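Below is protein09.txt, which holds compact mmCIF, C-alpha atoms.
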```txt
# COMPACT_ATOMS: atom_id res chain seq x y z
CA LEU A 1 127.35 132.43 154.26
CA LYS A 2 130.25 134.69 155.10
CA GLY A 3 132.92 135.85 152.69
CA ASN A 4 133.00 137.14 149.14
CA PHE A 5 129.97 135.27 147.76
CA LYS A 6 127.33 136.06 145.18
CA VAL A 7 124.09 134.39 146.24
CA SER A 8 120.79 133.93 144.40
CA TYR A 9 117.70 131.82 144.92
CA ASN A 10 116.83 129.19 142.30
CA GLU A 11 113.04 128.71 142.27
CA ASP A 12 113.23 125.53 140.21
CA LEU A 13 115.60 123.87 142.69
CA LYS A 14 114.14 125.52 145.80
CA MET A 15 117.72 126.15 146.88
CA TYR A 16 120.16 129.00 147.17
CA GLN A 17 123.11 129.03 144.80
CA ALA A 18 126.27 130.65 146.17
CA TYR A 19 129.20 131.56 143.96
CA THR A 20 132.78 132.28 144.89
CA PRO A 21 135.58 132.05 142.32
CA GLY A 22 136.17 128.43 141.45
CA GLN A 23 133.26 127.05 143.41
CA VAL A 24 129.45 126.86 143.41
CA MET A 25 127.51 125.74 146.46
CA TYR A 26 123.87 124.87 146.95
CA VAL A 27 122.02 125.32 150.24
CA THR A 28 118.43 124.25 150.94
CA ASP A 29 115.87 126.70 152.33
CA ASP A 30 116.18 125.25 155.81
CA GLY A 31 119.98 125.31 155.69
CA LYS A 32 120.21 121.60 156.53
CA ASN A 33 121.53 120.41 153.18
CA PHE A 34 124.67 121.71 151.54
CA ILE A 35 126.05 120.60 148.17
CA VAL A 36 129.34 121.70 146.59
CA GLY A 37 129.92 121.26 142.85
CA HIS A 38 127.80 120.72 139.75
CA TYR A 39 124.09 120.14 140.14
CA PHE A 40 122.38 118.24 137.31
CA LYS A 41 118.75 117.39 136.61
CA PHE A 42 118.36 114.21 134.56
CA GLY A 43 115.39 113.13 132.50
CA ASP A 44 113.84 114.23 129.23
CA ASN A 45 115.26 117.72 129.63
CA GLN A 46 118.70 117.29 131.16
CA ILE A 47 119.81 120.54 132.80
CA ASP A 48 123.20 121.55 134.17
CA TYR A 49 122.14 124.20 136.68
CA THR A 50 125.73 124.96 137.64
CA SER A 51 126.96 125.84 134.13
CA LYS A 52 123.97 128.09 133.59
CA PHE A 53 124.53 129.79 136.97
CA LEU A 54 128.28 130.19 136.34
CA ALA A 55 127.65 131.82 132.95
CA GLN A 56 125.42 134.40 134.66
CA GLN A 57 127.87 135.03 137.52
CA ASN A 58 130.86 135.45 135.25
CA LYS A 59 129.27 138.18 133.15
CA ILE A 60 130.52 141.69 133.72
CA ALA A 61 129.62 145.06 132.24
CA VAL A 62 132.77 145.58 130.19
CA GLU A 63 131.68 149.13 129.40
CA ASN A 64 132.28 149.91 133.09
CA LEU A 65 135.86 148.63 133.13
CA PRO A 66 138.42 151.37 133.82
CA ILE A 67 140.24 151.00 130.49
CA ASN A 68 142.54 153.86 131.48
CA LEU A 69 144.24 151.25 133.72
CA ALA A 70 144.73 148.83 130.83
CA ILE A 71 147.50 148.54 128.29
CA LYS A 72 145.75 148.92 124.94
CA GLU A 73 146.72 147.26 121.68
CA VAL A 74 144.83 147.78 118.41
CA LYS A 75 145.32 145.25 115.64
CA GLY A 76 143.89 145.91 112.18
CA ASN A 77 140.52 147.64 112.38
CA GLY A 78 140.22 146.82 116.11
CA GLN A 79 136.63 145.65 115.69
CA MET A 80 136.63 142.75 118.17
CA LYS A 81 137.26 143.86 121.77
CA MET A 82 138.90 141.71 124.43
CA PHE A 83 139.66 142.49 128.06
CA ILE A 84 142.39 140.34 129.57
CA PHE A 85 143.55 140.15 133.18
CA SER A 86 147.11 138.92 132.96
CA ASP A 87 149.73 138.08 135.58
CA PRO A 88 153.12 139.02 134.12
CA ASP A 89 154.70 135.84 135.53
CA CYS A 90 151.86 133.43 134.73
CA PRO A 91 153.05 130.77 132.26
CA TYR A 92 149.57 130.51 130.73
CA CYS A 93 149.46 134.30 130.21
CA HIS A 94 152.76 134.06 128.33
CA LEU A 95 151.37 131.25 126.16
CA LEU A 96 148.14 133.17 125.54
CA GLN A 97 150.13 136.16 124.31
CA SER A 98 152.56 134.27 122.08
CA LYS A 99 150.21 131.58 120.75
CA VAL A 100 146.89 133.47 120.49
CA ILE A 101 147.00 137.25 120.94
CA ASP A 102 149.99 137.76 118.65
CA LYS A 103 148.08 135.95 115.88
CA LEU A 104 144.79 137.91 116.19
CA ASN A 105 143.64 140.34 113.52
CA ASN A 106 141.14 143.19 113.76
CA ALA A 107 141.04 143.25 117.55
CA THR A 108 141.42 145.77 120.33
CA ILE A 109 142.98 144.14 123.37
CA TYR A 110 142.91 145.77 126.79
CA THR A 111 145.35 144.06 129.15
CA PHE A 112 145.07 144.68 132.87
CA MET A 113 148.21 143.77 134.82
CA SER A 114 146.95 141.35 137.46
CA PRO A 115 149.77 139.85 139.50
CA LEU A 116 148.86 136.88 141.65
CA ASP A 117 151.43 137.54 144.36
CA SER A 118 150.66 134.36 146.27
CA LEU A 119 151.66 132.27 143.23
CA HIS A 120 154.38 134.38 141.65
CA LYS A 121 156.66 136.16 144.09
CA LYS A 122 158.14 138.57 141.52
CA ALA A 123 154.90 139.31 139.65
CA HIS A 124 154.14 142.53 141.55
CA GLU A 125 157.54 144.02 140.80
CA ASP A 126 157.40 142.84 137.18
CA ALA A 127 153.94 144.41 136.72
CA VAL A 128 155.14 147.72 138.20
CA LYS A 129 158.15 147.74 135.86
CA ILE A 130 155.89 147.16 132.85
CA LEU A 131 153.57 149.96 134.03
CA CYS A 132 156.56 152.28 134.57
CA SER A 133 158.22 151.63 131.21
CA ASP A 134 158.34 154.34 128.56
CA ASP A 135 156.45 152.09 126.13
CA LYS A 136 154.13 149.91 128.19
CA LEU A 137 152.70 148.01 125.23
CA SER A 138 156.06 147.16 123.72
CA THR A 139 157.52 146.13 127.10
CA MET A 140 154.48 144.01 128.01
CA LYS A 141 154.45 142.23 124.64
CA LYS A 142 158.19 141.60 124.73
CA TRP A 143 157.86 140.19 128.27
CA LEU A 144 154.77 138.07 127.61
CA ASP A 145 156.31 136.67 124.41
CA VAL A 146 159.00 135.02 126.55
CA GLU A 147 158.56 131.25 126.73
CA PRO A 148 157.46 130.20 130.24
CA LYS A 149 160.63 128.16 130.76
CA ASP A 150 162.71 131.31 130.10
CA ILE A 151 160.94 133.74 132.47
CA GLU A 152 163.71 133.72 135.09
CA SER A 153 166.58 134.01 132.63
CA GLN A 154 164.93 136.82 130.63
CA ARG A 155 163.69 138.95 133.56
CA THR A 156 166.90 140.99 133.91
CA ILE A 157 167.36 141.29 130.15
CA ILE A 158 163.86 142.66 129.47
CA LEU A 159 162.83 144.34 132.73
CA GLY A 160 166.17 144.89 134.48
CA ASN A 161 166.79 148.50 133.39
CA ILE A 162 163.29 149.79 134.18
CA GLN A 163 162.98 151.72 137.42
CA ASN A 164 159.90 151.36 139.62
CA CYS A 165 157.79 154.51 139.81
CA SER A 166 155.03 155.77 142.07
CA THR A 167 152.63 156.03 139.10
CA GLY A 168 153.03 152.31 138.39
CA GLU A 169 152.49 151.42 142.06
CA GLU A 170 149.35 153.61 142.20
CA GLN A 171 147.98 152.09 139.02
CA LEU A 172 148.67 148.58 140.30
CA SER A 173 146.90 149.38 143.57
CA LYS A 174 143.79 150.31 141.57
CA LEU A 175 144.15 147.13 139.54
CA TYR A 176 144.23 145.03 142.74
CA ASP A 177 140.99 146.74 143.80
CA LEU A 178 139.46 145.91 140.41
CA MET A 179 140.54 142.28 140.68
CA ASN A 180 138.93 142.04 144.12
CA LYS A 181 135.73 143.69 142.90
CA LEU A 182 135.48 141.25 139.97
CA MET A 183 136.59 138.33 142.16
CA ILE A 184 139.43 137.47 139.79
CA SER A 185 141.58 134.79 141.34
CA GLY A 186 143.14 133.19 138.28
CA THR A 187 144.89 134.35 135.16
CA PRO A 188 144.49 134.75 132.34
CA THR A 189 140.88 135.86 132.78
CA ILE A 190 139.33 136.97 129.53
CA TYR A 191 136.14 138.90 128.82
CA ASN A 192 134.78 139.97 125.46
CA GLU A 193 132.04 142.40 124.51
```
Translate the structure described by the file into structure tokens.
Amino acid sequence: LKGNFKVSYNEDLKMYQAYTPGQVMYVTDDGKNFIVGHYFKFGDNQIDYTSKFLAQQNKIAVENLPINLAIKEVKGNGQMKMFIFSDPDCPYCHLLQSKVIDKLNNATIYTFMSPLDSLHKKAHEDAVKILCSDDKLSTMKKWLDVEPKDIESQRTIILGNIQNCSTGEEQLSKLYDLMNKLMISGTPTIYNE
């Protein structure tokens, strides 16, 4: 298999399992059989091999995340830690912020700006503006609290006066590298401890 795949051999199935974001594939030892999607074993002990495999593949060592690239927010005692990859123009990221994150208590949230340029044409520039603002946390929260339907009308009001800066571009370049390394292709992507 070519491309950005994680591959492991499943002894029970006698097949290789290949993972790429959003997809799991199974290939027999001889390479003659290829299955895409969930693989189940039925019987007395029903097993969903795909869910088990996905859970393993989606784990990361959060202690190795470059939190210096994240926008940090501490709520209450900050006990629970969350690491969120968020596209500044993603409607679901806006809803996550306003409907969930804003209501959390006793959490430390590390948000990594993760623009998906192929989906949101202005996301790169919006992320840079957030990273270049004098108060990144306040700007990010104000922006992500905007209702998805109001993103276009609020862009100039919230981000219009912020100038792009080389520091923001450099930080975003490192964040793109991190997204590629972790194979993040959708937002919001959330990890906890």
note = Among A:Leu175, A:Lys142, A:Gly186, A:Ser133, Leu119 in chain A is approached most closely, using all atoms listed in the file, by A:Gly186
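Take CA of Leu54 in chain A and CA of Phe85 in chain A: the distance between them is 18.5 Å.
If only C-alpha atoms are the atoms counted, then among A:Ala127, A:Cys90, A:Val100, A:Ile109 the closest residue to Lys72 in chain A is A:Ile109.
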May I have the centre and edge lengths, in Å to one decimal, of an axis-aligned box around the listed atoms of range 50-59 of chain A with 3 Å added to every side, as AutoDock Vina command-line options?
```
--center_x 127.4 --center_y 131.6 --center_z 135.3 --size_x 12.9 --size_y 19.2 --size_z 10.7
```
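Separating CA of Thr50 in chain A from CA of Lys14 in chain A is a distance of 14.2 Å.
Taking CA of Lys75 in chain A and CA of Glu147 in chain A as endpoints, the distance between them is 22.2 Å.
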Kindly provide, as an mmCIF file with C-alpha atoms, in the coordinates of the input, the polymer residues lying within 10 Å of (148.4, 149.0, 142.0), counting all atoms listed in the file and using the coordinates exactly as they appear in the file.
```cif
data_model
loop_
_atom_site.group_PDB
_atom_site.id
_atom_site.type_symbol
_atom_site.label_atom_id
_atom_site.label_comp_id
_atom_site.auth_asym_id
_atom_site.auth_seq_id
_atom_site.Cartn_x
_atom_site.Cartn_y
_atom_site.Cartn_z
ATOM 1 C CA LEU A 69 144.240 151.250 133.720
ATOM 2 C CA MET A 113 148.210 143.770 134.820
ATOM 3 C CA SER A 114 146.950 141.350 137.460
ATOM 4 C CA PRO A 115 149.770 139.850 139.500
ATOM 5 C CA HIS A 124 154.140 142.530 141.550
ATOM 6 C CA ALA A 127 153.940 144.410 136.720
ATOM 7 C CA VAL A 128 155.140 147.720 138.200
ATOM 8 C CA LEU A 131 153.570 149.960 134.030
ATOM 9 C CA SER A 166 155.030 155.770 142.070
ATOM 10 C CA THR A 167 152.630 156.030 139.100
ATOM 11 C CA GLY A 168 153.030 152.310 138.390
ATOM 12 C CA GLU A 169 152.490 151.420 142.060
ATOM 13 C CA GLU A 170 149.350 153.610 142.200
ATOM 14 C CA GLN A 171 147.980 152.090 139.020
ATOM 15 C CA LEU A 172 148.670 148.580 140.300
ATOM 16 C CA SER A 173 146.900 149.380 143.570
ATOM 17 C CA LYS A 174 143.790 150.310 141.570
ATOM 18 C CA LEU A 175 144.150 147.130 139.540
ATOM 19 C CA TYR A 176 144.230 145.030 142.740
ATOM 20 C CA ASP A 177 140.990 146.740 143.800
ATOM 21 C CA LEU A 178 139.460 145.910 140.410
#
```
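Minimum distance to Lys181 in chain A across A:Gln46, A:Thr20, A:Asn33, A:Asn10 (counting only C-alpha atoms) occurs at A:Thr20.
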key: Polymer residues at most 9 Å from Phe83 in chain A, only C-alpha atoms, same-chain spacing of 3 or more positions, as a list in words   = Val62, Leu65, Ile67, Ala70, Thr108, Ile109, Tyr110, Thr111, Phe112, Thr189, Ile190, Tyr191, Asn192 and Glu193 of chain A
Kindly export the residues of the current selection with C-alpha atoms, as an mmCIF file, in the frame of the given file.
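Dumped to part-v7.cif:
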```cif
data_model
loop_
_atom_site.group_PDB
_atom_site.id
_atom_site.type_symbol
_atom_site.label_atom_id
_atom_site.label_comp_id
_atom_site.auth_asym_id
_atom_site.auth_seq_id
_atom_site.Cartn_x
_atom_site.Cartn_y
_atom_site.Cartn_z
ATOM 1 C CA VAL A 62 132.770 145.580 130.190
ATOM 2 C CA LEU A 65 135.860 148.630 133.130
ATOM 3 C CA ILE A 67 140.240 151.000 130.490
ATOM 4 C CA ALA A 70 144.730 148.830 130.830
ATOM 5 C CA THR A 108 141.420 145.770 120.330
ATOM 6 C CA ILE A 109 142.980 144.140 123.370
ATOM 7 C CA TYR A 110 142.910 145.770 126.790
ATOM 8 C CA THR A 111 145.350 144.060 129.150
ATOM 9 C CA PHE A 112 145.070 144.680 132.870
ATOM 10 C CA THR A 189 140.880 135.860 132.780
ATOM 11 C CA ILE A 190 139.330 136.970 129.530
ATOM 12 C CA TYR A 191 136.140 138.900 128.820
ATOM 13 C CA ASN A 192 134.780 139.970 125.460
ATOM 14 C CA GLU A 193 132.040 142.400 124.510
#
```
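Comparing A:Ile130, A:Lys6, A:Ser51, A:Asn105 by their smallest distance to Gly78 in chain A, the closest is A:Asn105 (using all atoms listed in the file).
Minimum atom-to-atom distances from A:Leu144, A:Leu104, A:Met25, A:Ile47 to Pro188 in chain A were compared using all atoms listed in the file, and the lowest value belongs to A:Leu144.
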